[in-house]
Amino acid sequence: MKYNEQTRRYFETAARAGALSGPLVYRGAAGNREYGTWVQFDVQTVSGILEDASFLAFGCPHTIAVAAWVAEQAVGQPAIRRLPDSVQGISLRFAVPVEKLGRLLIIEDAWLATIDSAMTEA
Amino acid sequence: MNAAAMPVYLDHAATTPVDARVAARMAEVLKSESEFGNPASSHDYGDTAGALIEMARAQVAAAVGASANEVVWTSGATEANNLAIFGVAQYYRDSGRHIITTRIEHKSVLDPCRELERRGCRITYLEPDGGGLLNPDQVAAALRPDTVLVSIAHVNNEIGVVQDIAAIGAICARHGGVRLHVDAAQSVGKCAVDFAAVGVDLLSLSAHKAYGPKGAGALVVSQRGAAGARVHLVPLQFGGGQERGLRAGTLATHQAVGMGMAFALAAGQLQEEIVRTRQLQQRLWEGLSAIGGVLRNGNAQRCVPHLLNVSFEGVEGESLLAAVRPHLAVSTGSACTSSLAEPSFVLRALGRNERLSESSLRFGLGRSSSERDIDTAIAVLAREVARLRRIAGA
């Protein structure tokens, strides 16, 4: 399979891969490794602002690249129940084939679960 | 991309580069002012080309222990498999419509079998054990009075396991000479093939797996028959009567010459290559297994030396392939026929789960493979598997 430059770059660097720890860290996950795609986000919020974010992902290069991009884009933004772009916009940005759009929904579910966790506990 | 920047090639089970000596001889034939004739023509040009074809036929036959008059040229092993399966099914349809094969055959065997099922034939798909090995008794148990063909690969193209063809041939012979077809596309140049000695009736061969040209192959059709009767086939194509009426079409002299020479060279250095690639295979397996969480697919005791198939725990298959692709040319256990990869049906048949089937890689070692290539592969995989496991939190 061919990947666009954006996908290759985020897949290869995978910056922010890992887990956060400490106070004000909230976590959400979605998917299932057994079914091929699993994503987890950690965020650290201070006064409703995402001070730090990280991710873990088991999945295809598109899944890893998009999860890395979401974590990168989130830092410094308010904690709101929305991805940095629409699923449609992300699919275009990363040239995600239509057969894989379900994987973007798993990323979205993981992100919403993370923000819900932050909002509930904050 | 220039050759220096190309990834390390470890996919010799998919195809091999054409041997330089073979390429040179093929080019001579293509450029010759006396060897371009139609081999079927009745003049000196035709006779010259025809003589080259017959010399090549003898070389192919000698490499697999057959007689020259048993070799039928084809465009490759896929056509040879199709000719064998459809040809037998059609010719013997009045005496039976049952065929035996295995779940781990190449698609060029399984797809014709599925098409014959659609046309009313009954197919028995034998299940190998967890190592990919078939017990010959399974064949004996599956044989029926209406069985017309048993089709089993000598060397499995994904896991490299070598089946006991001699034992299966003996069982077929005892069962009234039911015809035995063997796909030997992965065998020539990698392990000994003796067509006459093992009671095989039909043998499929490919040139490009043995440093010959793509687009050339052969079906060896026994003229003796396991039970003393010759094997008959209905051809797939008509129009010219070439190849004893079994494969119509003007023969490509340069392709046949290339295949003949490639097989002769492969036979000449077989033992040396077995020893060399076995050492490389062992070095590769030791290096990969040291990574941890690496499972070998296929029975290691019955595996050809040029092939190693392993699964990596805790990594996703598509990401694994994407990660190693800039550095290594290997095959994945997934069949990427669309944007979504399908897990290997061969590994699934061996009992591997979907994730391990997808996260498998097949390494095909060949003449150009070196210890340095193996060490590069081990280093790349150690690094990338660790990275993907870290990203996955595994």
# chains A, B, ... in the order shown; residues from 1 in each chain; ligands from 1
>>> closest_atom_pairs(of="range 80-111 of chain A", to="range 62-69 of chain A", cutoff="7 Å", atoms="only C-alpha atoms", output="tab-separated table")
residue	atom	partner	partner_atom	distance
A:Val96	CA	A:His62	CA	6.7
A:Arg103	CA	A:Thr63	CA	6.6
A:Ile107	CA	A:Ala67	CA	6.6
>>> write_last_selection(atoms="C-alpha atoms", output="tab-separated table (two decimals), in the first residue's frame")
chain	number	residue	atom	x	y	z
A	96	VAL	CA	-7.05	7.27	4.21
A	103	ARG	CA	-10.40	3.08	12.01
A	107	ILE	CA	-9.54	7.17	16.99
>>> interface_residues(of="chain A", to="chain B", cutoff="6 Å", atoms="only C-alpha atoms", output="PDB file with N, CA and C atoms, in the first residue's frame")
ATOM      1  N   ALA A  17       4.333   9.241  21.243  1.00  0.00           N
ATOM      2  CA  ALA A  17       3.922   7.868  21.547  1.00  0.00           C
ATOM      3  C   ALA A  17       4.364   7.541  22.963  1.00  0.00           C
ATOM      4  N   LEU A  56      -1.063   5.822  22.466  1.00  0.00           N
ATOM      5  CA  LEU A  56      -0.569   4.481  22.139  1.00  0.00           C
ATOM      6  C   LEU A  56      -1.494   3.954  21.052  1.00  0.00           C
ATOM      7  N   ALA A  57      -0.958   3.216  20.102  1.00  0.00           N
ATOM      8  CA  ALA A  57      -1.810   2.701  19.025  1.00  0.00           C
ATOM      9  C   ALA A  57      -1.290   1.366  18.530  1.00  0.00           C
ATOM     10  N   PHE A  58      -2.203   0.419  18.412  1.00  0.00           N
ATOM     11  CA  PHE A  58      -1.933  -0.844  17.716  1.00  0.00           C
ATOM     12  C   PHE A  58      -2.798  -0.793  16.474  1.00  0.00           C
ATOM     13  N   GLY A  59      -2.157  -0.704  15.335  1.00  0.00           N
ATOM     14  CA  GLY A  59      -2.952  -0.613  14.112  1.00  0.00           C
ATOM     15  C   GLY A  59      -2.090  -0.342  12.913  1.00  0.00           C
ATOM     16  N   CYS A  60      -2.751  -0.011  11.826  1.00  0.00           N
ATOM     17  CA  CYS A  60      -2.061   0.204  10.552  1.00  0.00           C
ATOM     18  C   CYS A  60      -1.328   1.553  10.580  1.00  0.00           C
ATOM     19  N   PRO A  61      -0.510   1.841   9.585  1.00  0.00           N
ATOM     20  CA  PRO A  61       0.205   3.121   9.557  1.00  0.00           C
ATOM     21  C   PRO A  61      -0.723   4.329   9.590  1.00  0.00           C
TER      22      PRO A  61
END
>>> closest_residue(among="A:Ala53, A:Ile106, A:Leu112, A:Ala95", to="Arg33 in chain A", atoms="only C-alpha atoms")
A:Ile106
>>> select_by_dssp(residues="range 11-97 of chain B", states="helix (DSSP H, G or I)", output="PyMOL selection string")
chain B and resi 20-31+44-64+68-70+77-91
>>> residues_around(residues="Val70 in chain A", least_positions_apart="4", cutoff="8 Å", atoms="only C-alpha atoms", output="PDB file with N, CA and C atoms, in the first residue's frame")
ATOM      1  N   VAL A  66      -2.447   9.104  12.323  1.00  0.00           N
ATOM      2  CA  VAL A  66      -3.532  10.012  12.714  1.00  0.00           C
ATOM      3  C   VAL A  66      -3.551  10.196  14.232  1.00  0.00           C
ATOM      4  N   ALA A  74      -3.462  18.614  19.706  1.00  0.00           N
ATOM      5  CA  ALA A  74      -4.285  18.906  20.883  1.00  0.00           C
ATOM      6  C   ALA A  74      -3.589  19.809  21.892  1.00  0.00           C
ATOM      7  N   LEU A  83     -12.356  16.274  17.541  1.00  0.00           N
ATOM      8  CA  LEU A  83     -11.012  16.087  16.986  1.00  0.00           C
ATOM      9  C   LEU A  83     -10.534  17.395  16.373  1.00  0.00           C
ATOM     10  N   PRO A  84      -9.240  17.535  16.140  1.00  0.00           N
ATOM     11  CA  PRO A  84      -8.740  18.771  15.537  1.00  0.00           C
ATOM     12  C   PRO A  84      -9.311  19.045  14.142  1.00  0.00           C
TER      13      PRO A  84
END
>>> residues_around(residues="Asn156 in chain B", least_positions_apart="4", cutoff="10 Å", atoms="only C-alpha atoms", output="JSON, numbers by chain")
{"B": [104, 105, 106, 132, 133, 152, 160, 161, 162, 163, 183, 184, 185, 186, 187, 298, 303, 304, 307, 346]}
>>> closest_residue(among="B:Ala61, B:Leu202, B:Ala290, B:Leu233", to="Val188 in chain B", atoms="only C-alpha atoms")
B:Ala61
>>> closest_residue(among="A:Phe11, A:Trp38, A:Tyr3, A:Tyr26", to="Gly102 in chain A", atoms="only C-alpha atoms")
A:Trp38
>>> select_by_dssp(residues="range 9-111 of chain A", states="strand (DSSP E)", output="PyMOL selection string")
chain A and resi 25-32+37-46+49-58
>>> residues_around(residues="Asn81 in chain B", least_positions_apart="6", cutoff="8 Å", atoms="only C-alpha atoms", output="PDB file with N, CA and C atoms, in the first residue's frame")
ATOM      1  N   SER B 108      -3.121 -20.689  -7.721  1.00  0.00           N
ATOM      2  CA  SER B 108      -3.251 -21.214  -9.080  1.00  0.00           C
ATOM      3  C   SER B 108      -3.654 -22.688  -9.082  1.00  0.00           C
ATOM      4  N   VAL B 109      -3.725 -23.285  -7.905  1.00  0.00           N
ATOM      5  CA  VAL B 109      -4.328 -24.624  -7.752  1.00  0.00           C
ATOM      6  C   VAL B 109      -5.718 -24.484  -7.131  1.00  0.00           C
ATOM      7  N   ASP B 183       2.850 -29.402  -7.850  1.00  0.00           N
ATOM      8  CA  ASP B 183       3.348 -28.063  -8.172  1.00  0.00           C
ATOM      9  C   ASP B 183       4.755 -27.963  -7.576  1.00  0.00           C
ATOM     10  N   SER B 204       4.440 -29.283 -12.283  1.00  0.00           N
ATOM     11  CA  SER B 204       4.439 -27.891 -12.760  1.00  0.00           C
ATOM     12  C   SER B 204       5.759 -27.215 -12.404  1.00  0.00           C
ATOM     13  N   LEU B 219       4.896 -27.917 -17.978  1.00  0.00           N
ATOM     14  CA  LEU B 219       4.193 -29.000 -17.297  1.00  0.00           C
ATOM     15  C   LEU B 219       4.829 -30.294 -17.775  1.00  0.00           C
TER      16      LEU B 219
END
>>> residues_around(residues="Val330 in chain B", least_positions_apart="6", cutoff="6 Å", atoms="only C-alpha atoms", output="PyMOL selection string")
chain B and resi 10-11+363
>>> write_last_selection(atoms="C-alpha atoms", output="JSON list (two decimals), in the first residue's frame")
[["chain", "number", "residue", "atom", "x", "y", "z"],
["B", 10, "LEU", "CA", 15.05, -11.18, 0.52],
["B", 11, "ASP", "CA", 12.09, -12.23, -1.60],
["B", 363, "PHE", "CA", 12.12, -14.30, 3.85]]
>>> atom_distance(atom1="CA of Val257 in chain B", atom2="CA of Thr277 in chain B")
26.7 Å
>>> residues_around(residues="Val310 in chain B", least_positions_apart="2", cutoff="12 Å", atoms="only C-alpha atoms", output="NGL selection string")
:B and (158-160 or 281 or 284-289 or 291-300 or 307-308 or 312-313 or 317 or 330-333 or 347 or 352 or 356-364 or 381)
>>> closest_residue(among="B:Thr376, B:Gln242, B:Thr250, B:Gln255", to="Arg283 in chain B", atoms="only C-alpha atoms")
B:Thr376
>>> closest_residue(among="B:Ala68, B:Val139, B:Ala207, B:Ala267", to="Val193 in chain B", atoms="only C-alpha atoms")
B:Ala267
>>> atom_distance(atom1="CA of Ser117 in chain A", atom2="CA of Ile90 in chain A")
23.5 Å
>>> closest_residue(among="B:Cys191, B:Ala256, B:Cys121, B:Leu126", to="Val155 in chain B", atoms="only C-alpha atoms")
B:Cys191
>>> atom_distance(atom1="CA of Thr45 in chain A", atom2="CA of Val25 in chain A")
6.8 Å
>>> decode(residues="range 192-273 of chain B", atoms="C-alpha atoms", output="PDB file, in the first residue's frame")
ATOM      1  CA  ALA B 192      16.184 -32.342  -5.237  1.00  0.00           C
ATOM      2  CA  VAL B 193      13.357 -33.155  -7.640  1.00  0.00           C
ATOM      3  CA  ASP B 194      13.180 -36.600  -9.211  1.00  0.00           C
ATOM      4  CA  PHE B 195      10.050 -36.833 -11.284  1.00  0.00           C
ATOM      5  CA  ALA B 196      10.447 -40.428 -12.379  1.00  0.00           C
ATOM      6  CA  ALA B 197      11.443 -41.806  -9.005  1.00  0.00           C
ATOM      7  CA  VAL B 198       8.504 -40.555  -6.960  1.00  0.00           C
ATOM      8  CA  GLY B 199       5.581 -41.647  -9.083  1.00  0.00           C
ATOM      9  CA  VAL B 200       4.388 -38.205 -10.107  1.00  0.00           C
ATOM     10  CA  ASP B 201       2.209 -37.950 -13.220  1.00  0.00           C
ATOM     11  CA  LEU B 202       2.171 -34.190 -13.702  1.00  0.00           C
ATOM     12  CA  LEU B 203       4.766 -31.686 -12.495  1.00  0.00           C
ATOM     13  CA  SER B 204       4.439 -27.891 -12.760  1.00  0.00           C
ATOM     14  CA  LEU B 205       7.598 -25.838 -13.181  1.00  0.00           C
ATOM     15  CA  SER B 206       8.458 -22.149 -13.278  1.00  0.00           C
ATOM     16  CA  ALA B 207      11.550 -20.526 -14.772  1.00  0.00           C
ATOM     17  CA  HIS B 208      11.582 -17.264 -12.850  1.00  0.00           C
ATOM     18  CA  LYS B 209      11.859 -18.927  -9.434  1.00  0.00           C
ATOM     19  CA  ALA B 210      15.150 -20.453 -10.573  1.00  0.00           C
ATOM     20  CA  TYR B 211      16.957 -17.446 -12.093  1.00  0.00           C
ATOM     21  CA  GLY B 212      15.261 -17.847 -15.452  1.00  0.00           C
ATOM     22  CA  PRO B 213      12.916 -15.489 -17.273  1.00  0.00           C
ATOM     23  CA  LYS B 214       9.365 -14.655 -16.256  1.00  0.00           C
ATOM     24  CA  GLY B 215       6.743 -15.898 -18.677  1.00  0.00           C
ATOM     25  CA  ALA B 216       8.301 -19.335 -19.068  1.00  0.00           C
ATOM     26  CA  GLY B 217       7.350 -22.596 -17.434  1.00  0.00           C
ATOM     27  CA  ALA B 218       6.509 -26.186 -18.161  1.00  0.00           C
ATOM     28  CA  LEU B 219       4.193 -29.000 -17.297  1.00  0.00           C
ATOM     29  CA  VAL B 220       5.910 -32.369 -17.193  1.00  0.00           C
ATOM     30  CA  VAL B 221       3.375 -34.938 -18.362  1.00  0.00           C
ATOM     31  CA  SER B 222       4.297 -38.505 -17.594  1.00  0.00           C
ATOM     32  CA  GLN B 223       4.500 -40.801 -20.583  1.00  0.00           C
ATOM     33  CA  ARG B 224       4.640 -43.901 -18.403  1.00  0.00           C
ATOM     34  CA  GLY B 225       1.847 -43.340 -15.897  1.00  0.00           C
ATOM     35  CA  ALA B 226       2.056 -44.433 -12.299  1.00  0.00           C
ATOM     36  CA  ALA B 227       0.002 -47.531 -13.060  1.00  0.00           C
ATOM     37  CA  GLY B 228       1.443 -48.089 -16.476  1.00  0.00           C
ATOM     38  CA  ALA B 229      -1.036 -45.918 -18.314  1.00  0.00           C
ATOM     39  CA  ARG B 230      -0.098 -42.609 -19.915  1.00  0.00           C
ATOM     40  CA  VAL B 231      -1.678 -39.467 -18.574  1.00  0.00           C
ATOM     41  CA  HIS B 232      -4.048 -37.701 -20.924  1.00  0.00           C
ATOM     42  CA  LEU B 233      -5.138 -34.075 -20.830  1.00  0.00           C
ATOM     43  CA  VAL B 234      -7.640 -31.926 -22.640  1.00  0.00           C
ATOM     44  CA  PRO B 235      -5.778 -28.763 -23.694  1.00  0.00           C
ATOM     45  CA  LEU B 236      -6.796 -25.300 -22.514  1.00  0.00           C
ATOM     46  CA  GLN B 237      -6.119 -23.636 -25.835  1.00  0.00           C
ATOM     47  CA  PHE B 238      -6.354 -24.683 -29.434  1.00  0.00           C
ATOM     48  CA  GLY B 239      -4.889 -23.552 -32.724  1.00  0.00           C
ATOM     49  CA  GLY B 240      -1.703 -24.977 -34.115  1.00  0.00           C
ATOM     50  CA  GLY B 241      -1.190 -28.292 -32.423  1.00  0.00           C
ATOM     51  CA  GLN B 242       2.143 -27.389 -30.851  1.00  0.00           C
ATOM     52  CA  GLU B 243       3.407 -29.341 -27.867  1.00  0.00           C
ATOM     53  CA  ARG B 244       1.725 -32.588 -28.911  1.00  0.00           C
ATOM     54  CA  GLY B 245      -1.552 -30.704 -29.132  1.00  0.00           C
ATOM     55  CA  LEU B 246      -1.461 -29.859 -25.431  1.00  0.00           C
ATOM     56  CA  ARG B 247      -0.471 -26.216 -25.698  1.00  0.00           C
ATOM     57  CA  ALA B 248      -1.139 -24.405 -28.940  1.00  0.00           C
ATOM     58  CA  GLY B 249       0.881 -21.332 -29.844  1.00  0.00           C
ATOM     59  CA  THR B 250       4.227 -20.478 -31.378  1.00  0.00           C
ATOM     60  CA  LEU B 251       7.001 -21.276 -28.951  1.00  0.00           C
ATOM     61  CA  ALA B 252       9.199 -18.421 -27.692  1.00  0.00           C
ATOM     62  CA  THR B 253      12.665 -19.738 -28.425  1.00  0.00           C
ATOM     63  CA  HIS B 254      14.530 -17.264 -26.231  1.00  0.00           C
ATOM     64  CA  GLN B 255      12.238 -18.013 -23.266  1.00  0.00           C
ATOM     65  CA  ALA B 256      12.688 -21.767 -23.602  1.00  0.00           C
ATOM     66  CA  VAL B 257      16.447 -21.362 -24.017  1.00  0.00           C
ATOM     67  CA  GLY B 258      16.521 -19.182 -20.897  1.00  0.00           C
ATOM     68  CA  MET B 259      14.551 -21.665 -18.837  1.00  0.00           C
ATOM     69  CA  GLY B 260      16.642 -24.598 -20.015  1.00  0.00           C
ATOM     70  CA  MET B 261      19.893 -22.868 -19.194  1.00  0.00           C
ATOM     71  CA  ALA B 262      18.592 -21.626 -15.825  1.00  0.00           C
ATOM     72  CA  PHE B 263      17.545 -25.147 -14.843  1.00  0.00           C
ATOM     73  CA  ALA B 264      20.861 -26.622 -15.950  1.00  0.00           C
ATOM     74  CA  LEU B 265      22.755 -24.055 -13.899  1.00  0.00           C
ATOM     75  CA  ALA B 266      20.469 -24.576 -10.896  1.00  0.00           C
ATOM     76  CA  ALA B 267      20.960 -28.328 -11.009  1.00  0.00           C
ATOM     77  CA  GLY B 268      24.715 -27.885 -11.270  1.00  0.00           C
ATOM     78  CA  GLN B 269      25.011 -25.811  -8.090  1.00  0.00           C
ATOM     79  CA  LEU B 270      22.156 -27.363  -6.110  1.00  0.00           C
ATOM     80  CA  GLN B 271      24.171 -28.975  -3.312  1.00  0.00           C
ATOM     81  CA  GLU B 272      26.391 -25.945  -2.848  1.00  0.00           C
ATOM     82  CA  GLU B 273      23.345 -23.645  -2.634  1.00  0.00           C
TER      83      GLU B 273
END
